[in-house]
Amino acid sequence: MIHFVLLISRQGKVRLTKWYSPYSQKERSKVIRELSSEILSRGPKLCNFVEWRGFKVVYKRYASLYFCICNDQDDNELETLSIIHHYVETLDRYFGSVCELDLIFNFHKAYFILDEILLAGEMQETSKRTTLRLIAAQEELLEAAKEEASSLSSIIAQATK
Amino acid sequence: MNPFSSGTRLRDMIRAIRASKTAAEERAVVRKECAAIRAAINENDQDYRHRNLAKLMFIHMLGYPTHFGQMECLKLIASPGFPEKRIGYLGLMLLLDERQEVLMLVTNSLKQDLNHTNQYIVGLALCALGNICSAEMARDLAPEVERLLQFRDPNIRKKAALCSIRIIKKVPDLAENFINSATALLREKHHGVLITGVQLCTDLCKISPEALEHVRKKCTDVLVRTLRDLANSPYSPEYDIAGITDPFLHIRLLKLLRVLGEGDADASDSMNDILAQVATKTESNKVAGNAILYECVQTIMSIEDNGGLRVLAINSLGRFLSNRDNNIRYVALNMLMKAVTADGQAVQRHRATILECVKDSDASIRKRALELVYVLVNETNVKPLAKELIDYLEVSENDFRGDLTAKICSIVSKFSPEKIWYIDQMLKVLSEAGNYVKDEVWHALIVVITNATELHGYTVRALYRAFQTSAEQESLVRVTVWCIGEYGDLLVNNVGMLDIEDPITVTESDAVDVLEIAIKRHESDLTTKAMALVALLKLSSCFPSCSERIKEIIVQFKGNLMLELQQRAIEFNSILAKHQNIRSTLVERMPVLDEATFIGRKAGSLPGAASTTTMPSVGIPNGEAKPAAPLIDLLDLSSDDAPAPSSSGGDLLHDLLGVDLSPAPQQSGAGQPSKSGTDVLLDLLSVGSPAQSSSSTVDILTSNTNGKSPVSPLDDISSLSLSSRVNSNAGAAPMMDLLDGFGPSPSKENNGPVYPSITAYESSSLRLTFSFSKQPGNPETTNIQATFTNLSSNVYTDFVFQAAVPKFLQLHLDPASSNTLPAAGNGSVTQSLKVTNSQHGKKNLVMRIRIAYKLNGKDTLEEGQINNFPREL
C-alpha cells in the first residue's frame with residue numbers, strides 16, 4: 001500500500017502532497033523535511049530506493065522535480081517506479097510536455113489526475129486514456145456550470161439595468 | 001471574474017509568492033492573503049469561497065498553518081454544484097486528516113453525495129472516503145459503498161472497490177459483507193475494475209481466513225486464466241508499457257495468486273504452469289518487465305514448494321544481481337534475503353557478488369548486502385567473509401561504520417572457530433573502529449581473554465602494539481588498559497610467546513607509559529580513566545621499580561573534579577601509602593571471569609556487566625569474587641527459562657557446576673575424612689541453615705573457628721538456632737532430634753546407609769524437607785522423599801515442583817501425591833525423586849529447584865538451590 005506521494009522540487013519546495021495513511025499536520029511537515037533532505041542529497045547514479053522508518057521510499061527525478069512514493073517494506077519497488085512513470089506520462093499528455101510551472105499554477109489539476117490514478121493508496125486505473133477521458137468529462141461539467149453562472153449573472157445584470 | 005472584487009486571483013497570488021526574493025517577503029504576501037481569506041470567511045462570502053480554498057491549499061503546501069479554512073471545505077462540499085464540491089473534497093483531503101473531529105461533520109454530506117444522481121459527484125465522494133475515512137465513517141457508510149460495487153458505470157465500481165479496501169482495513173469485521181461482491185469483480189473485463197477487484201480480494205484474504213478459503217476455492221482458476229490471457233494478449237495500445245500489456249495488472253494478479261498459493265498445495269499446483277510461463281517469457285530489459293519478474297519470483301518463493309520453479313526463480317535473481325542497474329541489484333538483494341530461508345545453498349553461490357555489493361557506493365545497496373552477508377555467514381565461511389568485511393572496514397565511510405562494526409562483531413563472536421582467531425579479529429576491529437564498538441562487545445572480549453589462559457601474554461602484547469598505532473580508539477584503549485593491569489608482568493617478561501609472534505621488548509616503564517597516556521588523554525572518558533587508575537594500582541604491586549612513579553600519577557588525581565576518580569585516587573593512594581602489607585593480596589590477578597555468567601547477563605539486561613569487568617573488586621579479597629558470581633548467576637538464570645526436570649540445557653549445567661564451588665569455606669573446614677562427630681555436626685549445621693548464602697557462610701565460619709573441640713559445636717548449634725532468625729523454630733527442632741540420634745554414634749558406616757533428613761528449602765510461605773534412603777548394593781542411587789509443607793494460612797493450588805541437576809547426576813521425578821497444598825501445615829504434599837550420582841564419592845549432590853503454585857488464583861514462583869545435601873550421597 002502507498003502511504004503517501006510527494007512532489008518536491010530540486011530546491012526542496014513542495015509541489016504536491018497526498019496522504020493515504022493518517023499523519024498529523026505536524027508529522028507531515030516533519031516527514032517532508034526528513035525525506036527531502038535525504039533524497040535531494042543522493043547522487044544521480046544511485047538506486048531509486050531509500051529505506052526510511054521501516055518503509056521504502058521510491059523516488060524518481062524528472063527534470064527539476066522529484067516524484068516520491070512511500071511504500072510498505074514488502075511492496076514491489078519496481079512497480080512503484082512504473083506507477084511514478086505512468087503518472088508523469090499522464091500529466092505529460094494532459095498538459096502537453098509538462099513542466100514544473102504547469103504543476104505550480106495548476107496544482108489542483110495535478111491532484112485531480114492523481115486522484116484518478118490512485119485511490120486509498122492503491123492503483124485505480126492503468127489506462128492513461130481512460131484517466132484523461134474522465135478528467136475531460138469533469139472539466140466539461142465545470143465549463144457547463146461556469147456558463148450557466150455567467151448567463152445567469154448576465155440575465156441578472158440585464159434585469160437590474 | 002468580477003474586476004471589482006476584493007482579493008487577487010489564484011494565479012496572481014502564486015505569481016506574487018514566486019516573485020518574492022526573500023523568505024520574509026514571501027511571508028508578507030502569505031500573511032496578506034491569509035488575512036483577506038479570513039475576512040472573506042467571516043463575511044461568509046460565497047462567490048469566492050472556492051477560489052479562497054484553492055489559495056489556502058497552495059499556502060498549505062508551502063507549510064503555513066491553514067486550519068481556519070477547514071470549515072470552508074465542509075461548506076463547499078455541502079453546496080449543490082459540482083465545481084464547488086470538487087474543490088471542497090480536494091481541500092478536505094489535503095487540509096484535514098482522519099483524526100480530526102471536524103471530519104465527522106462531513107459524514108452526512110458524504111452519504112448524500114454517494115447517493116447523488118451525478119456519477120462524477122459520487123466519484124468525488126468515493127475518492128474522499130477512500131483516502132481519509134476514519135473507522136466511524138467506514139462503519140456508517142459501508143452499506144453505500146457495498147451497493148456502489150454493482151453500480152452501472154465501471155469507473156464508479158473501481159472506486160468503490162478501493163474504498164472497500166479502506167473500509168475493511170479500518171473495520172475488519174465488515175470484511176464478510178464484501179466477499180461476494182468482491183469475487184464478482186474478478187470476472188470483469190474492464191481493466192480498472194479488474195485490477196481494483198483483485199486488490200480488494202487480496203486485502204480481504206489477508207484480513208479474513210473465511211474470505212481466503214472462499215476465493216481460493218472459487219476463483220483460483222479464474223485468476224490463472226485471466227493471467228494467462230493477459231500474458232498472451234496481443235498488443236493493445238491503451239495498456240501497453242514497453243511491449244507488455246498492463247504490467248500493473250500482471251503484478252496484482254501475481255500478488256493475489258501468492259496469497260492463495262501460500263500453504264495450499266492444490267492452489268499452488270494449479271498456478272505452476274502460468275508462473276513458469278511468466279518467469280521465462282517476460283522481457284527483462286525494461287523496468288516494467290523486471291517488475292513483473294520480480295513479483296513472479298516472489299510468488300514462486302512463497303507458494304508451496306515446486307523444486308523446478310524455485311531453481312528457475314533463483315536463477316533469475318542471479319541474473320538480476322549481475323545487472324548493471326542499481327535498482328535491479330537492490331531488488332535482487334532484497335529478494336535473495338527472502339530466498340535464504342528457502343534455499344540457503346543456492347544463495348551461497350552468489351556470495352562473491354553479494355560481498356561486492358557491500359562495497360557499493362550506494363548506501364541502500366550496501367545496507368541490503370550487509371544484511372544478506374550477515375545471514376550467509378556460517379562456520380565454514382566465517383574466516384574469509386570476516387576478513388573481507390574487516391578489510392573493507394578500513395576504507396568504509398563513517399556513517400556506514402557503525403552498522404558494519406556491529407555486524408562484524410556479531411559474526412565473529414557467533415562463529416569464531418577458536419579463541420585466538422576471535423581475539424585477533426576483535427583487535428583488528430577495535431583498532432580500526434573502536435569508537436563504534438558497543439560496550440557489551442568489548443566486555444565480552446575481556447571475558448574471552450580471561451578465559452584463554454594460554455593467550456594472556458599474546459593478547460597483552462598484541463594490544464600493546466595496537467595501542468601504539470590506534471590510541472584514538474576508546475574501546476581499544478580500555479581493553480588495553482585492563483589487560484596491562486592484569487597481565488602487565490606477562491607483557492614485560494614475554495611470557496607465553498607463541499611461534500607466530502615477533503618478539504618485542506617492553507620495559508616496566510613502557511607499560512606504565514601506556515596507562516599514563518590513557519589516563520591523561522583528553523578524549524578519555526570517565527570509565528577509561530577509572531580503569532586506568534585501577535590498572536595503575538595493580539601494576540604498582542607487580543612492578544616495584546615503578547611504584548614511586550605510579551604513586552605520583554595517582555596523587556595527581558586526588559583533586560580531580562570527577563567524584564569517582566577523586567575517590568579512587570584517594571583510596572588507592574592510601575592503600576599504597578599505609579597498607580603495603582595487604583596490597584599484594586588486594587591487587588592479585590582477577591579470577592577467570594565466568595563466561596556463563598556473562599552470557600546470562602547479556603540475555604537479561606546489560607548494566608550489570610559493566611561492573612564485573614570494569615571494576616576489579618578492589619575492596620574484596622579475591623577469593624570471594626568467584627563464589628559471588630555464580631550465586632548472582634543462579635538468581636539471574638532461574639528467572640529466565642524454566643529449568644527442565646531432566647538434566648539438559650548447557651547454561652544451567654555450567655551454573656550448577658559453579659554452585660559446587662560456592663560453599664568453598666565449608667569444604668575446606670571439613671577437610672579431614674568424615675570420621676568424627678564434629679563433621680556430622682557440621683553437616684547438621686549446614687543443614688539447619690537456610691539456603692540463602694549470606695547466613696550460611698556466617699554460620700559455617702563461626703563453626704569453623706572452633707571446629708576442633710567436640711563439645712563446642714553443640715554450643716554453636718544452640719547459638720545458631722537462636723541466631724537464625726525466621727526459621728529458627730522450625731529448623732532447630734529436627735536438628736536437635738537428629739543430634740540425639742547421631743551425636744553419640746560417630747561411626748556412620750555401621751548404621752548402613754541412613755542419612756539425616758534436611759530442610760532443603762524454606763521460605764516464609766513454604767518448607768521443603770528431603771529424607772533419603774539408598775538401596776543396598778547401589779550406593780550411587782539415592783531415593784529422596786520430598787515433603788512440602790505450607791507455612792501460610794492459604795491453600796496453594798496447581799502446585800508444581802521442578803528440579804534440575806548438573807551433568808554428573810541423573811534425576812528421575814515421580815508424580816507428586818497431590819497438586820493442592822492445604823493451608824497452615826494441615827497436611828503436606830510428597831513427591832519422590834531418584835538421583836543417581838555418577839561421581840559418587842567424589843562430588844556431592846547439588847540441585848536447583850523451582851516451585852510454582854497459585855495463591856488465591858495468582859501465580860507464585862519460588863526458586864532456590866540446594867547444596868546442603870549430606871555428604872556421600
# chains A, B, ... in the order shown; residues from 1 in each chain; ligands from 1
call {"tool": "select_by_dssp", "arguments": {"residues": "region 795-859 of chain B", "states": "strand (DSSP E or B)", "output": "ChimeraX atom specification"}}
result
/B:796-804,809-813,821,828-837,847-855,858-859
call {"tool": "interface_residues", "arguments": {"of": "chain A", "to": "chain B", "cutoff": "6 Å", "atoms": "only C-alpha atoms", "output": "list in words"}}
result
Tyr20, Leu46, Cys47, Leu78, Glu79, Ala120, Glu125, Ser127 and Leu142 of chain A
call {"tool": "residues_around", "arguments": {"residues": "Gly263 (chain B)", "least_positions_apart": "4", "cutoff": "12 Å", "atoms": "only C-alpha atoms", "output": "ChimeraX atom specification"}}
result
/B:212-213,216,257-259,267-269,301-305
call {"tool": "write_last_selection", "arguments": {"atoms": "N, CA and C atoms", "output": "PDB file, in the first residue's frame"}}
result
ATOM      1  N   LEU B 212     -10.366 -15.957   2.399  1.00  0.00           N
ATOM      2  CA  LEU B 212      -9.250 -16.641   1.741  1.00  0.00           C
ATOM      3  C   LEU B 212      -9.712 -17.992   1.212  1.00  0.00           C
ATOM      4  N   GLU B 213     -10.409 -18.720   2.073  1.00  0.00           N
ATOM      5  CA  GLU B 213     -10.902 -20.043   1.691  1.00  0.00           C
ATOM      6  C   GLU B 213     -11.830 -19.935   0.475  1.00  0.00           C
ATOM      7  N   ARG B 216      -9.981 -18.865  -2.687  1.00  0.00           N
ATOM      8  CA  ARG B 216      -9.100 -19.943  -3.133  1.00  0.00           C
ATOM      9  C   ARG B 216      -9.903 -21.002  -3.882  1.00  0.00           C
ATOM     10  N   LEU B 257      -2.333 -14.345  -6.408  1.00  0.00           N
ATOM     11  CA  LEU B 257      -2.028 -15.778  -6.526  1.00  0.00           C
ATOM     12  C   LEU B 257      -1.094 -16.212  -5.409  1.00  0.00           C
ATOM     13  N   ARG B 258      -0.167 -15.334  -5.057  1.00  0.00           N
ATOM     14  CA  ARG B 258       0.757 -15.661  -3.973  1.00  0.00           C
ATOM     15  C   ARG B 258      -0.003 -15.905  -2.679  1.00  0.00           C
ATOM     16  N   VAL B 259      -0.944 -15.009  -2.395  1.00  0.00           N
ATOM     17  CA  VAL B 259      -1.722 -15.165  -1.170  1.00  0.00           C
ATOM     18  C   VAL B 259      -2.501 -16.473  -1.207  1.00  0.00           C
ATOM     19  N   ALA B 267      -3.853 -25.282  -4.785  1.00  0.00           N
ATOM     20  CA  ALA B 267      -3.869 -23.988  -5.452  1.00  0.00           C
ATOM     21  C   ALA B 267      -2.502 -23.720  -6.084  1.00  0.00           C
ATOM     22  N   SER B 268      -1.428 -24.039  -5.352  1.00  0.00           N
ATOM     23  CA  SER B 268      -0.080 -23.814  -5.880  1.00  0.00           C
ATOM     24  C   SER B 268       0.120 -24.606  -7.158  1.00  0.00           C
ATOM     25  N   ASP B 269      -0.373 -25.845  -7.138  1.00  0.00           N
ATOM     26  CA  ASP B 269      -0.241 -26.706  -8.298  1.00  0.00           C
ATOM     27  C   ASP B 269      -0.884 -26.102  -9.540  1.00  0.00           C
ATOM     28  N   MET B 301       8.628 -18.168  -4.714  1.00  0.00           N
ATOM     29  CA  MET B 301       9.302 -18.478  -3.457  1.00  0.00           C
ATOM     30  C   MET B 301       8.305 -18.669  -2.314  1.00  0.00           C
ATOM     31  N   SER B 302       7.123 -18.071  -2.438  1.00  0.00           N
ATOM     32  CA  SER B 302       6.191 -18.133  -1.309  1.00  0.00           C
ATOM     33  C   SER B 302       5.223 -19.295  -1.399  1.00  0.00           C
ATOM     34  N   ILE B 303       4.850 -19.707  -2.610  1.00  0.00           N
ATOM     35  CA  ILE B 303       3.846 -20.769  -2.685  1.00  0.00           C
ATOM     36  C   ILE B 303       4.487 -22.101  -2.365  1.00  0.00           C
ATOM     37  N   GLU B 304       3.659 -23.121  -2.289  1.00  0.00           N
ATOM     38  CA  GLU B 304       4.153 -24.433  -1.868  1.00  0.00           C
ATOM     39  C   GLU B 304       5.213 -24.918  -2.843  1.00  0.00           C
ATOM     40  N   ASP B 305       6.143 -25.694  -2.288  1.00  0.00           N
ATOM     41  CA  ASP B 305       7.380 -25.985  -2.984  1.00  0.00           C
ATOM     42  C   ASP B 305       7.170 -26.714  -4.297  1.00  0.00           C
TER      43      ASP B 305
END
call {"tool": "residues_around", "arguments": {"residues": "Ala137 (chain A)", "least_positions_apart": "3", "cutoff": "12 Å", "atoms": "only C-alpha atoms", "output": "count of residues only"}}
result
15
call {"tool": "closest_residue", "arguments": {"among": "B:Thr450, B:Asn115, B:Ser208, B:Gln46", "to": "Pro172 (chain B)", "atoms": "only C-alpha atoms"}}
result
B:Ser208
call {"tool": "select_by_dssp", "arguments": {"residues": "chain A", "states": "helix (DSSP H, G or I)", "output": "ChimeraX atom specification"}}
result
/A:25-40,77-95,100-105,107-117,128-160
call {"tool": "residues_around", "arguments": {"residues": "Ile113 (chain A)", "least_positions_apart": "3", "cutoff": "9 Å", "atoms": "only C-alpha atoms", "output": "PyMOL selection string"}}
result
chain A and resi 87+90-91+94+108-110+116-118+131-132+135
call {"tool": "residues_around", "arguments": {"residues": "Gly54 (chain A)", "least_positions_apart": "5", "cutoff": "12 Å", "atoms": "only C-alpha atoms", "output": "PyMOL selection string"}}
result
chain A and resi 70-74
call {"tool": "residues_around", "arguments": {"residues": "region 400-414 of chain B", "least_positions_apart": "5", "cutoff": "8 Å", "atoms": "only C-alpha atoms", "output": "list in words"}}
result
Ala363, Leu370, Tyr374, Val377, Val382, Ala386, Leu389, Ile390, Leu393, Tyr422, Gln425, Met426, Val429, Ala433, Tyr436, Val437, Lys438 and Val441 of chain B
call {"tool": "write_last_selection", "arguments": {"atoms": "N, CA, C and O atoms", "output": "short mmCIF file (atom, residue, chain, number, x, y, z; two decimals), in the first residue's frame"}}
result
data_model
loop_
_atom_site.label_atom_id
_atom_site.label_comp_id
_atom_site.auth_asym_id
_atom_site.auth_seq_id
_atom_site.Cartn_x
_atom_site.Cartn_y
_atom_site.Cartn_z
N ALA B 363 24.34 3.68 -0.59
CA ALA B 363 24.07 3.29 0.79
C ALA B 363 22.95 2.26 0.88
O ALA B 363 23.01 1.32 1.67
N LEU B 370 24.87 -5.97 3.24
CA LEU B 370 25.46 -6.31 4.53
C LEU B 370 24.53 -7.23 5.30
O LEU B 370 24.94 -8.22 5.90
N TYR B 374 25.36 -11.07 6.35
CA TYR B 374 25.23 -11.45 7.76
C TYR B 374 24.48 -12.77 7.91
O TYR B 374 24.86 -13.61 8.72
N VAL B 377 26.67 -15.96 6.64
CA VAL B 377 27.86 -16.44 7.35
C VAL B 377 27.55 -17.73 8.10
O VAL B 377 26.50 -17.86 8.71
N VAL B 382 33.21 -18.33 7.74
CA VAL B 382 33.35 -17.13 8.57
C VAL B 382 34.72 -16.46 8.38
O VAL B 382 34.82 -15.23 8.34
N ALA B 386 34.76 -12.70 7.20
CA ALA B 386 35.13 -11.71 8.20
C ALA B 386 36.34 -10.92 7.74
O ALA B 386 36.43 -9.71 7.95
N LEU B 389 35.23 -8.31 5.26
CA LEU B 389 34.49 -7.22 5.90
C LEU B 389 35.43 -6.33 6.70
O LEU B 389 35.31 -5.10 6.69
N ILE B 390 36.38 -6.96 7.41
CA ILE B 390 37.29 -6.15 8.22
C ILE B 390 38.20 -5.32 7.32
O ILE B 390 38.47 -4.15 7.60
N LEU B 393 36.33 -2.46 6.30
CA LEU B 393 36.12 -1.51 7.40
C LEU B 393 37.11 -0.35 7.31
O LEU B 393 36.79 0.79 7.61
N TYR B 422 39.36 -15.28 17.29
CA TYR B 422 38.40 -14.30 17.79
C TYR B 422 39.13 -13.07 18.32
O TYR B 422 38.81 -11.94 17.99
N GLN B 425 40.68 -10.99 15.49
CA GLN B 425 39.71 -10.22 14.71
C GLN B 425 39.19 -9.03 15.51
O GLN B 425 39.05 -7.93 15.02
N MET B 426 38.93 -9.31 16.80
CA MET B 426 38.40 -8.23 17.62
C MET B 426 39.42 -7.10 17.76
O MET B 426 39.06 -5.93 17.76
N VAL B 429 39.25 -5.05 14.69
CA VAL B 429 38.06 -4.18 14.69
C VAL B 429 38.26 -3.02 15.66
O VAL B 429 37.98 -1.86 15.33
N ALA B 433 37.95 0.57 14.25
CA ALA B 433 36.70 1.27 14.51
C ALA B 433 36.30 1.14 15.97
O ALA B 433 35.14 0.93 16.29
N TYR B 436 33.27 2.79 17.41
CA TYR B 436 31.91 2.37 17.05
C TYR B 436 31.50 1.10 17.78
O TYR B 436 30.40 0.62 17.62
N VAL B 437 32.45 0.54 18.55
CA VAL B 437 32.16 -0.74 19.20
C VAL B 437 31.31 -0.49 20.44
O VAL B 437 31.60 0.38 21.24
N LYS B 438 30.26 -1.28 20.57
CA LYS B 438 29.37 -1.10 21.72
C LYS B 438 30.01 -1.68 22.97
O LYS B 438 30.86 -2.58 22.90
N VAL B 441 30.24 -5.40 23.61
CA VAL B 441 31.17 -6.15 22.75
C VAL B 441 32.56 -6.22 23.39
O VAL B 441 33.15 -7.29 23.48
#
call {"tool": "atom_distance", "arguments": {"atom1": "CA of Leu254 (chain B)", "atom2": "CA of Lys169 (chain B)"}}
result
21.3 Å
call {"tool": "atom_distance", "arguments": {"atom1": "CA of Ala211 (chain B)", "atom2": "CA of Leu253 (chain B)"}}
result
16.6 Å
